[in-house]
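Input: a single structure, listed below in structure tokens.
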Amino acid sequence: MSAVQMIVPSDTTRTYEYFVLPNRLEVVTISEPTTSASAASLMVEVGSFSDPPDLPGLAHFIEHMLFLGTEKYPTEDSYQTFLSDHGGSCNAFTELENTTFHFNISSEHLHEALERFSTFFLCPLFTSSAADREIQAIDNEHDNNLQDDDSRVFQFLRDVSNPGFPFSKFATGNLTTLKTIPSQKGIDVVQRMIEHYNQNYSANRMKLAVLGKESHAELCNWVEEHFSAIPNKDIPLPQYIGQAYTAKELGFWYSMAPVLDFRTLTLLFPMSIGNEEYRCGAFSYLSHLIHHESEGSILCELKRRHWADGLWAGDRVRVSTWTLFSITVDLTVEGMDHVDEIISTCFEYIEMIRQTGFQEYVYEERKKIQEMQFRFLEIASLESLVIDISLGMNRYLPEHSLAGDYLYFERDPRMEAQCLEALKPTNMLVLHQAKELEPLCDTEGTEYYKMRYGVRRLTEAQLQAYLPAPGKPLRTDFHLPEPNPFVATDFALKPLPDGTPEHPQVVYESPRGLLKLWFKQNIHHSKPKAVLKWFFLSRVAYATPRHWLLNCLYVMIAKEQMNNLTYYADTARLDFHLTSSAEGVRVTVKGFSDKLGVLAKHVLKRMLTIVPDEGLFNRMKEQVRQSLVNISKDQAYDLALEQSSTIFTVTRWRDQDMLPLIDGLSMDELAPYIRSLYSQGFVQCFVHGNMLQQEAVQLVQELEGDFLAKVQVLPLNQLLEWRILKLPKKTLHVKVQEQPIGESPNSAVVLRIQVGTFDLRRNLLCDLFVSMVGSALFTQLRTVEQLGYYVQTGVGEEENLYCITIIVQGSAKPPLYMLARIYGALDASEAYLQSYTEEDFQKLVRTWILFRTEKPKTLFQESSMHWEEIRLRRYFWDRDECEIAELQALKKEDVVELYRTYLSNYAPKRRALATIVYSRNHREPFETILKNHETDIVAVVPTTLPAYEETPETSQQSPLRGVDLSGATDQGLQAAASLDIDGQNDTDTLGPSPTSPAADAGAVSPLVLSPELRPAVCFQEERTQRAGLNMSEFNSRTVHLDLHYILDSLRFKHTLTAYPCCSWNLKKKSTDAAAPKP
């Protein structure tokens, strides 16, 4: 065992150990004895920088292919099926210099999961049949990125970089780079993939992090058992000589028109500084100063002139040897005319930093805040933790594998000076983005994204003009941030009184009946943190579309006018959130409890004294307008989901209802609206964390005195209640909409089947149904039939209504064909359910029970869980216990009965709505239907579903296998059968792994290891697998349906009845009436 002692949070329930295997694979084990879930992440030091010039996207392709079968487990979806059968999921992402694979699973099955995981790096198959299909999946992924502004800009920065440096490569890959061109050149892509894998995947390039409930000794034994056999080829890390941006590439001004409606000005500065910077935190220090939003900052000055709405500074791209530092300004309409002055303002502030130097008080304050954050670090996701550590082992010293992302270790004046020296006009690129710039975009971009842009070289005179004149005194209105008044100093934990309740209790109700305070002291999380939620309920906020717009403007203006102070709180890890709600206005203050009350008093008092000027009002109004316009440019499936929610909800204002109103709003309307908003209301308040009951009551009484002095009580029976409409039984209604982004090739179909209002047993059956068939649906629709990259099956909750939701988005097939295939997949689901043995089903149930026995990982997770019960007025505190009792009584036939009653295409209680967003390539037959029935509310159109189109690829497929449980315990729409095997730098998505049909039975791996290198076989090679969806019967018959097209949503909703409000069927429920009074 290594003598390296990792620096870790001081009060964690987890312990960490670092060691190196004999094959030089570096490992960190994390032991957490109370966990019910485990996780692991393995990072390989090879990424898109290593792609050969003639095969762009090869590293990303290998990432996909490693999931699709190994010598020991040749069934392509064997790995995912095993994980999902035990409550787990997996994913991977390819970055510039590394590729990371990760998974989570129930803690009882970590050992076997590690063994299966290790075969990725011992004996992958890389079959030709899987390669052909996965290239198509990567091409679909690329299609999804074409209209994503972040992806477009990232590729653009590559396109204009030094073509001799690997940053210039196209990293995602597509059909052209991985199949069409290689075929024309006679390149065997599979063979080249194998060669690339052999040349780069070596134990000395790997970092592994494993978290489990076991001791370090046992975890270490498992790692040695399964990962020691990975060959150490002693492959040196590649040396990337040169710079991404040389003098030849610098000094240009680029103009681009984005897909979404926004205006930004970005200054980009390449620096020859890489991972070594973390020890001194020079980037963090500079980012903090340039990004600051208080008095004396760049942003404060730009806002004063109404030129900007926001500013961000930091490393845009970071690799081992260099960094691309950026300053991005969110421009206003007026700011578009002052871009040169904005650049000069930035350099004036940078010059002020240069002349004042790195100030010790600022540095020490930042260092203290980072230490405070790390000391009391709360990690909500175990998978995120192991990912961070596996990446940290690559970027930092072993002892800093976790701490390197947080702590400052030592000052480095030389590096500080080097960072500042790089921030100069002669080392700069400018990227200006706005819709208004489209006429200037006369240059064609690369073939990968086909972006048009404008370009001009900045002259020496222009570059010099951005700098302050020599000898010019510093601006008096620029200065460094003041000492932060919100930095916590008291970290003592409050004593727990005897008999402290496990669940929130009502501890105070105002004498006038205006406020109810729920309180829970921190029991399970020994952190000096707290949460305060203040929800002012009013019927005014959502009374009309105009009221809702004014509510949004009021909240935005209030946040803006409080920002000089709340930004200090934010940098001290004390978060403040003020949000508009259809029910009123929500305030959340959370973080270190020491200064929480101080901030809460300030913001609630300030909310009542908002006095905007005309310039601020117009800036916020433009932000609302941009937001409404950009909603219409969301992904097609997002638009389809929004369309279904609009139809389901009795009173839900549509974007098209509000957009025409925004320009007509005047500042004179705001003050009367605020008075009306606070004329009558009721406050639901919740305090949770490191605070005594009497302290919470005292704080809320002080807040009540300032905030509610002039408010009249609003009876609870007059609060806004969302009513969800019942669709007619045994009828498929369809709502269609054209894709607003004309260039987007994607169409989407969202099928939502209403199951009913909140019923604990039925809800669990819905979740289990998705867990049992979701992966098979995904495999059939995405992997085999290649309908699109985005396929998802889940359970969605619309207020108190549960729905089964199936989503398909793609460009290859028209929407009615997608709908037909969804229809067929549902048709085949009963036989798939029946293929489960009762033993398999009970294993699934036990996994769900296991996860429900574990407490939330963080205080804020627990607070959110309790707040949801308070907000919905359910007070179902013992939900986990009740769900466990229900789960223990369930049988497989109960799920089959749910399917037959509600979900089958022929179910007697089936209430279904399909919302379709179609691209311009898929306009027919929808344009004809809309034209011929434009005066109808609903048009009934007899339709023959499109016949199955068999392709050579799909005809070769073996029966599908597998079930995916990922996301099954999340609320809202659960991505239980989604796929997001990430492309470049998308590390936030932790979705499940790809599934694919069975590999060629006779395929032989070209990477077969000699017997002495193979791990010991300690698990059965393959257990009996369930066959996948059998679509043959559906494919062979013609299906006729009467599709009921909804042409007038508002009038259609008047024809329906609604589900009852708050109709919760709870076996065991406590109410606020039973809660103890103070």
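Scheme for the structure tokens: letters A, B, ... for chains in order shown; per-chain residue numbers from 1; ligand numbers from 1 in order shown.
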Test item: residues at most 12 Å from Ser107 in chain A, only C-alpha atoms, excluding those fewer than 4 positions along its chain, as an MDAnalysis selection string: chainID A and resid 31:40 83 86:88 103 111:114 210:214 219 382 847 850:851 854
Pull C-alpha atoms from the residues just selected and write them as a compact mmCIF listing (two decimals), in the first residue's frame.
```
# COMPACT_ATOMS: atom_id res chain seq x y z
CA SER A 31 -14.82 3.18 1.67
CA GLU A 32 -18.28 4.34 2.79
CA PRO A 33 -19.74 1.64 5.07
CA THR A 34 -23.31 3.01 5.11
CA THR A 35 -23.82 3.39 1.37
CA SER A 36 -26.40 1.38 -0.55
CA ALA A 37 -24.85 2.32 -3.90
CA SER A 38 -21.35 1.94 -5.29
CA ALA A 39 -19.52 3.53 -8.20
CA ALA A 40 -16.30 3.39 -10.19
CA LEU A 83 -25.91 -2.97 -14.22
CA HIS A 86 -29.05 -4.22 -10.14
CA GLY A 87 -30.13 -0.59 -10.04
CA GLY A 88 -27.16 0.79 -11.95
CA PHE A 103 -20.76 3.33 -13.66
CA HIS A 111 -17.53 -7.01 -7.12
CA GLU A 112 -19.04 -8.53 -10.24
CA ALA A 113 -19.53 -5.10 -11.82
CA LEU A 114 -15.79 -4.42 -11.46
CA VAL A 210 -13.72 2.81 -6.78
CA LEU A 211 -16.29 3.54 -4.06
CA GLY A 212 -18.00 0.82 -2.05
CA LYS A 213 -19.27 -0.10 1.41
CA GLU A 214 -16.44 -2.59 1.85
CA LEU A 219 -11.74 -3.13 -2.28
CA LEU A 382 -21.11 9.08 -5.85
CA THR A 847 -32.80 -3.40 -5.46
CA LEU A 850 -32.25 -1.22 -0.91
CA PHE A 851 -32.04 2.29 -2.33
CA GLU A 854 -30.55 5.02 2.50
```
Shell around Leu574 in chain A at 7 Å using only C-alpha atoms, local window under 6 positions removed, as a ChimeraX atom specification: /A:590-592
For the interface of range 492-593 of chain A with range 298-310 of chain A (cut-off 12 Å, counting only C-alpha atoms), please tabulate each contacting residue of range 492-593 of chain A alongside its nearest pair of atoms and their separation in Å to one decimal, rows sorted by chain and increasing number, as JSON lines.
```
{"residue": "A:Met556", "atom": "CA", "partner": "A:Asp309", "partner_atom": "CA", "distance": 11.3}
{"residue": "A:Ile557", "atom": "CA", "partner": "A:Asp309", "partner_atom": "CA", "distance": 11.6}
{"residue": "A:Glu560", "atom": "CA", "partner": "A:Asp309", "partner_atom": "CA", "distance": 9.4}
{"residue": "A:Gln561", "atom": "CA", "partner": "A:Lys303", "partner_atom": "CA", "distance": 11.1}
{"residue": "A:Asn563", "atom": "CA", "partner": "A:Cys300", "partner_atom": "CA", "distance": 9.7}
{"residue": "A:Asn564", "atom": "CA", "partner": "A:Cys300", "partner_atom": "CA", "distance": 8.4}
{"residue": "A:Tyr567", "atom": "CA", "partner": "A:Cys300", "partner_atom": "CA", "distance": 11.6}
```
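Atom to atom, CA of Ala530 in chain A and CA of Asn690 in chain A stand 5.4 Å apart.
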Nearest to Gly242 in chain A by atom-to-atom distance, counting only C-alpha atoms, from A:Pro612, A:Pro473, A:Pro163, A:Pro814: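 Using only C-alpha atoms, Gly242 in chain A sits closest to A:Pro163.
Using only C-alpha atoms for every distance, the candidate list A:Gly597, A:Pro745, A:Pro124, A:Pro501 yields A:Pro501 as the residue closest to Ile523 in chain A.
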Interatomic distance, CA of Ser863 in chain A to CA of Phe876 in chain A (Å, one decimal):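 Interatomic distance, CA of Ser863 in chain A to CA of Phe876 in chain A: 13.8 Å.
Our summary of the geometry notes that CA of Thr793 in chain A is positioned 8.9 Å from CA of Val773 in chain A.
Residue-level DSSP output for range 137-182 of chain A, from the backbone, shows alpha helix (DSSP H) at Ala137, Ile138, Asp139, Asn140, Glu141, His142, Asp143, Asn144, Asn145, Asp149, Asp150, Ser151, Arg152, Val153, Phe154, Gln155, Phe156, Leu157, Arg158, Asp159, Leu175, Ile181 and Pro182 of chain A.
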DSSP strand (DSSP E) residues within range 293-412 of chain A, listed as a list in words: Ala308, Asp309, Gly310, Leu311, Trp312, Ala313, Gly314, Asp315, Arg316, Val317, Arg318, Thr323, Leu324, Phe325, Ser326, Ile327, Thr328, Val329, Asp330 and Leu331 of chain A
For the residues in the current selection, export all heavy atoms as a compact mmCIF listing (two decimals), in the first residue's frame.
```txt
# COMPACT_ATOMS: atom_id res chain seq x y z
N ALA A 308 -24.31 45.97 -20.80
CA ALA A 308 -24.14 44.53 -20.56
C ALA A 308 -25.11 44.05 -19.49
O ALA A 308 -25.52 44.81 -18.61
CB ALA A 308 -22.70 44.22 -20.13
N ASP A 309 -25.46 42.77 -19.59
CA ASP A 309 -26.29 42.10 -18.59
C ASP A 309 -25.50 41.15 -17.71
O ASP A 309 -25.93 40.81 -16.61
CB ASP A 309 -27.40 41.29 -19.27
CG ASP A 309 -28.45 42.17 -19.91
OD1 ASP A 309 -28.82 43.19 -19.29
OD2 ASP A 309 -28.90 41.85 -21.02
N GLY A 310 -24.35 40.69 -18.19
CA GLY A 310 -23.57 39.74 -17.42
C GLY A 310 -22.15 39.64 -17.95
O GLY A 310 -21.84 40.14 -19.04
N LEU A 311 -21.28 39.00 -17.15
CA LEU A 311 -19.89 38.83 -17.54
C LEU A 311 -19.36 37.56 -16.88
O LEU A 311 -19.67 37.30 -15.71
CB LEU A 311 -19.05 40.04 -17.14
CG LEU A 311 -17.58 40.04 -17.56
CD1 LEU A 311 -17.10 41.47 -17.83
CD2 LEU A 311 -16.67 39.43 -16.49
N TRP A 312 -18.59 36.80 -17.63
CA TRP A 312 -17.96 35.58 -17.10
C TRP A 312 -16.51 35.58 -17.50
O TRP A 312 -16.15 36.02 -18.61
CB TRP A 312 -18.66 34.34 -17.65
CG TRP A 312 -18.06 33.06 -17.16
CD1 TRP A 312 -18.38 32.39 -16.03
CD2 TRP A 312 -17.00 32.32 -17.79
NE1 TRP A 312 -17.61 31.26 -15.91
CE2 TRP A 312 -16.74 31.19 -16.98
CE3 TRP A 312 -16.25 32.49 -18.95
CZ2 TRP A 312 -15.77 30.25 -17.28
CZ3 TRP A 312 -15.27 31.55 -19.26
CH2 TRP A 312 -15.04 30.45 -18.43
N ALA A 313 -15.64 35.09 -16.62
CA ALA A 313 -14.21 34.99 -16.93
C ALA A 313 -13.68 33.68 -16.37
O ALA A 313 -14.05 33.25 -15.27
CB ALA A 313 -13.44 36.17 -16.34
N GLY A 314 -12.77 33.04 -17.11
CA GLY A 314 -12.17 31.79 -16.66
C GLY A 314 -11.58 31.02 -17.81
O GLY A 314 -11.55 31.50 -18.96
N ASP A 315 -11.09 29.81 -17.52
CA ASP A 315 -10.46 29.02 -18.57
C ASP A 315 -11.54 28.35 -19.41
O ASP A 315 -12.31 27.54 -18.92
CB ASP A 315 -9.48 27.99 -17.99
CG ASP A 315 -10.07 27.22 -16.83
OD1 ASP A 315 -10.77 27.82 -16.00
OD2 ASP A 315 -9.82 26.01 -16.73
N ARG A 316 -11.58 28.71 -20.69
CA ARG A 316 -12.55 28.14 -21.64
C ARG A 316 -12.12 26.74 -22.05
O ARG A 316 -12.96 25.84 -22.22
CB ARG A 316 -12.62 29.06 -22.87
CG ARG A 316 -13.65 28.66 -23.94
CD ARG A 316 -15.05 28.98 -23.47
NE ARG A 316 -16.05 28.80 -24.51
CZ ARG A 316 -16.68 29.81 -25.11
NH1 ARG A 316 -16.40 31.06 -24.80
NH2 ARG A 316 -17.60 29.57 -26.01
N VAL A 317 -10.84 26.53 -22.25
CA VAL A 317 -10.26 25.23 -22.58
C VAL A 317 -9.03 25.06 -21.72
O VAL A 317 -8.21 25.96 -21.61
CB VAL A 317 -9.88 25.13 -24.07
CG1 VAL A 317 -9.31 23.74 -24.37
CG2 VAL A 317 -11.07 25.43 -24.97
N ARG A 318 -8.88 23.89 -21.09
CA ARG A 318 -7.71 23.62 -20.25
C ARG A 318 -7.19 22.23 -20.58
O ARG A 318 -7.95 21.25 -20.51
CB ARG A 318 -8.07 23.70 -18.78
CG ARG A 318 -6.97 23.23 -17.82
CD ARG A 318 -5.98 24.32 -17.51
NE ARG A 318 -6.55 25.29 -16.61
CZ ARG A 318 -6.45 25.25 -15.28
NH1 ARG A 318 -5.78 24.28 -14.69
NH2 ARG A 318 -6.99 26.19 -14.53
N THR A 323 -3.74 26.71 -21.81
CA THR A 323 -5.09 27.12 -21.42
C THR A 323 -5.56 28.22 -22.36
O THR A 323 -4.78 29.06 -22.80
CB THR A 323 -5.10 27.64 -19.97
OG1 THR A 323 -4.70 26.59 -19.09
CG2 THR A 323 -6.48 28.14 -19.57
N LEU A 324 -6.85 28.18 -22.66
CA LEU A 324 -7.48 29.28 -23.39
C LEU A 324 -8.37 30.02 -22.41
O LEU A 324 -9.44 29.54 -22.04
CB LEU A 324 -8.28 28.74 -24.58
CG LEU A 324 -8.84 29.79 -25.55
CD1 LEU A 324 -7.70 30.57 -26.21
CD2 LEU A 324 -9.71 29.14 -26.62
N PHE A 325 -7.88 31.17 -21.96
CA PHE A 325 -8.61 31.99 -20.97
C PHE A 325 -9.57 32.91 -21.73
O PHE A 325 -9.23 33.44 -22.78
CB PHE A 325 -7.62 32.81 -20.16
CG PHE A 325 -8.21 33.48 -18.95
CD1 PHE A 325 -8.22 32.84 -17.73
CD2 PHE A 325 -8.75 34.76 -19.03
CE1 PHE A 325 -8.74 33.46 -16.60
CE2 PHE A 325 -9.28 35.39 -17.93
CZ PHE A 325 -9.28 34.74 -16.70
N SER A 326 -10.78 33.09 -21.20
CA SER A 326 -11.74 33.92 -21.92
C SER A 326 -12.47 34.86 -20.97
O SER A 326 -12.66 34.57 -19.78
CB SER A 326 -12.75 33.06 -22.67
OG SER A 326 -13.69 32.49 -21.80
N ILE A 327 -12.88 35.98 -21.53
CA ILE A 327 -13.76 36.94 -20.88
C ILE A 327 -14.96 37.10 -21.79
O ILE A 327 -14.82 37.53 -22.94
CB ILE A 327 -13.09 38.30 -20.66
CG1 ILE A 327 -11.81 38.15 -19.82
CG2 ILE A 327 -14.05 39.29 -20.00
CD1 ILE A 327 -10.98 39.42 -19.73
N THR A 328 -16.15 36.74 -21.32
CA THR A 328 -17.36 36.81 -22.13
C THR A 328 -18.33 37.80 -21.51
O THR A 328 -18.68 37.69 -20.33
CB THR A 328 -18.03 35.44 -22.25
OG1 THR A 328 -17.13 34.54 -22.91
CG2 THR A 328 -19.31 35.52 -23.06
N VAL A 329 -18.77 38.76 -22.32
CA VAL A 329 -19.71 39.79 -21.89
C VAL A 329 -21.04 39.54 -22.58
O VAL A 329 -21.11 39.41 -23.81
CB VAL A 329 -19.19 41.20 -22.24
CG1 VAL A 329 -20.20 42.26 -21.78
CG2 VAL A 329 -17.83 41.44 -21.61
N ASP A 330 -22.13 39.45 -21.79
CA ASP A 330 -23.48 39.36 -22.35
C ASP A 330 -23.95 40.77 -22.68
O ASP A 330 -24.19 41.58 -21.77
CB ASP A 330 -24.44 38.70 -21.36
CG ASP A 330 -24.07 37.26 -21.07
OD1 ASP A 330 -23.55 36.60 -21.97
OD2 ASP A 330 -24.28 36.82 -19.92
N LEU A 331 -24.08 41.06 -23.95
CA LEU A 331 -24.35 42.42 -24.41
C LEU A 331 -25.84 42.74 -24.40
O LEU A 331 -26.68 41.88 -24.64
CB LEU A 331 -23.81 42.62 -25.82
CG LEU A 331 -22.31 42.43 -26.04
CD1 LEU A 331 -22.00 42.46 -27.53
CD2 LEU A 331 -21.52 43.48 -25.30
```
Nearest residue to Ala812 in chain A from the set A:Ser401, A:Ser297, A:Ser747, A:Ser676 (distances using only C-alpha atoms):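 Smallest distance to Ala812 in chain A is found for A:Ser747.
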Nearest to Asn98 in chain A by atom-to-atom distance, counting only C-alpha atoms, from A:Phe49, A:Tyr73, A:Tyr79, A:Phe478: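 For Asn98 in chain A, the nearest of the given residues is A:Phe49.
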Shell around range 696-713 of chain A at 9 Å using only C-alpha atoms, local window under 5 positions removed, as number ranges by chain: A: 507-508, 510, 512-515, 517, 519, 597, 600-601, 604-605, 607-608, 678-682, 685, 687-688, 691
Residues of the last selection are to be written out with N, CA and C atoms, as a short mmCIF file (atom, residue, chain, number, x, y, z; two decimals), in the first residue's frame.
```cif
data_model
loop_
_atom_site.label_atom_id
_atom_site.label_comp_id
_atom_site.auth_asym_id
_atom_site.auth_seq_id
_atom_site.Cartn_x
_atom_site.Cartn_y
_atom_site.Cartn_z
N VAL A 507 -43.84 24.82 13.72
CA VAL A 507 -43.41 25.35 15.01
C VAL A 507 -43.88 26.78 15.23
N TYR A 508 -44.48 27.38 14.19
CA TYR A 508 -44.98 28.76 14.36
C TYR A 508 -46.01 29.05 13.28
N SER A 510 -48.37 32.57 12.26
CA SER A 510 -48.53 33.98 12.60
C SER A 510 -49.93 34.24 13.14
N ARG A 512 -52.04 36.47 12.55
CA ARG A 512 -53.04 36.87 11.55
C ARG A 512 -53.27 35.77 10.50
N GLY A 513 -52.61 34.63 10.67
CA GLY A 513 -52.82 33.54 9.73
C GLY A 513 -52.14 33.74 8.39
N LEU A 514 -51.09 34.57 8.36
CA LEU A 514 -50.41 34.87 7.11
C LEU A 514 -49.25 33.95 6.81
N LEU A 515 -48.77 33.23 7.82
CA LEU A 515 -47.52 32.49 7.65
C LEU A 515 -47.55 31.21 8.47
N LEU A 517 -44.62 28.26 9.60
CA LEU A 517 -43.22 27.88 9.59
C LEU A 517 -43.07 26.40 9.90
N PHE A 519 -40.19 23.43 10.48
CA PHE A 519 -38.80 23.43 10.95
C PHE A 519 -38.32 21.99 11.16
N GLY A 597 -29.05 34.14 8.29
CA GLY A 597 -30.11 35.05 8.72
C GLY A 597 -29.85 36.48 8.27
N ALA A 600 -30.87 36.69 4.62
CA ALA A 600 -32.32 36.56 4.45
C ALA A 600 -33.03 37.85 4.83
N LYS A 601 -32.64 38.48 5.92
CA LYS A 601 -33.27 39.74 6.32
C LYS A 601 -33.06 40.81 5.26
N LEU A 604 -35.23 39.97 1.86
CA LEU A 604 -36.68 40.06 1.98
C LEU A 604 -37.13 41.50 2.20
N LYS A 605 -36.34 42.27 2.94
CA LYS A 605 -36.67 43.68 3.12
C LYS A 605 -36.51 44.45 1.82
N MET A 607 -36.80 43.36 -1.21
CA MET A 607 -37.77 42.98 -2.24
C MET A 607 -38.97 43.92 -2.27
N LEU A 608 -39.25 44.58 -1.17
CA LEU A 608 -40.43 45.44 -1.09
C LEU A 608 -40.15 46.87 -1.52
N TYR A 678 -48.56 41.99 -3.40
CA TYR A 678 -48.40 41.89 -1.94
C TYR A 678 -49.60 42.42 -1.16
N SER A 679 -50.71 42.61 -1.83
CA SER A 679 -51.90 43.06 -1.11
C SER A 679 -52.56 41.92 -0.34
N GLN A 680 -52.45 40.72 -0.86
CA GLN A 680 -53.08 39.57 -0.21
C GLN A 680 -52.23 38.34 -0.52
N GLY A 681 -51.99 37.52 0.50
CA GLY A 681 -51.15 36.36 0.25
C GLY A 681 -51.01 35.49 1.48
N PHE A 682 -50.15 34.50 1.35
CA PHE A 682 -49.87 33.56 2.43
C PHE A 682 -48.45 33.05 2.22
N CYS A 685 -43.17 28.68 4.88
CA CYS A 685 -41.75 28.85 5.19
C CYS A 685 -41.20 27.55 5.77
N VAL A 687 -37.45 26.03 7.45
CA VAL A 687 -36.07 26.19 7.89
C VAL A 687 -35.54 24.83 8.29
N HIS A 688 -34.37 24.47 7.75
CA HIS A 688 -33.81 23.14 7.96
C HIS A 688 -32.31 23.25 8.09
N MET A 691 -29.63 24.97 13.06
CA MET A 691 -30.31 26.08 13.72
C MET A 691 -31.24 25.49 14.76
#
```
Distance query Leu480 in chain A at most 9 Å, only C-alpha atoms, self and fewer than 6 positions along chain excluded, as a list in words: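 Selected residues are Leu289, His292, Glu295, Gly296, Ser297, Met352, Ile353, Gln359 and Val362 of chain A.
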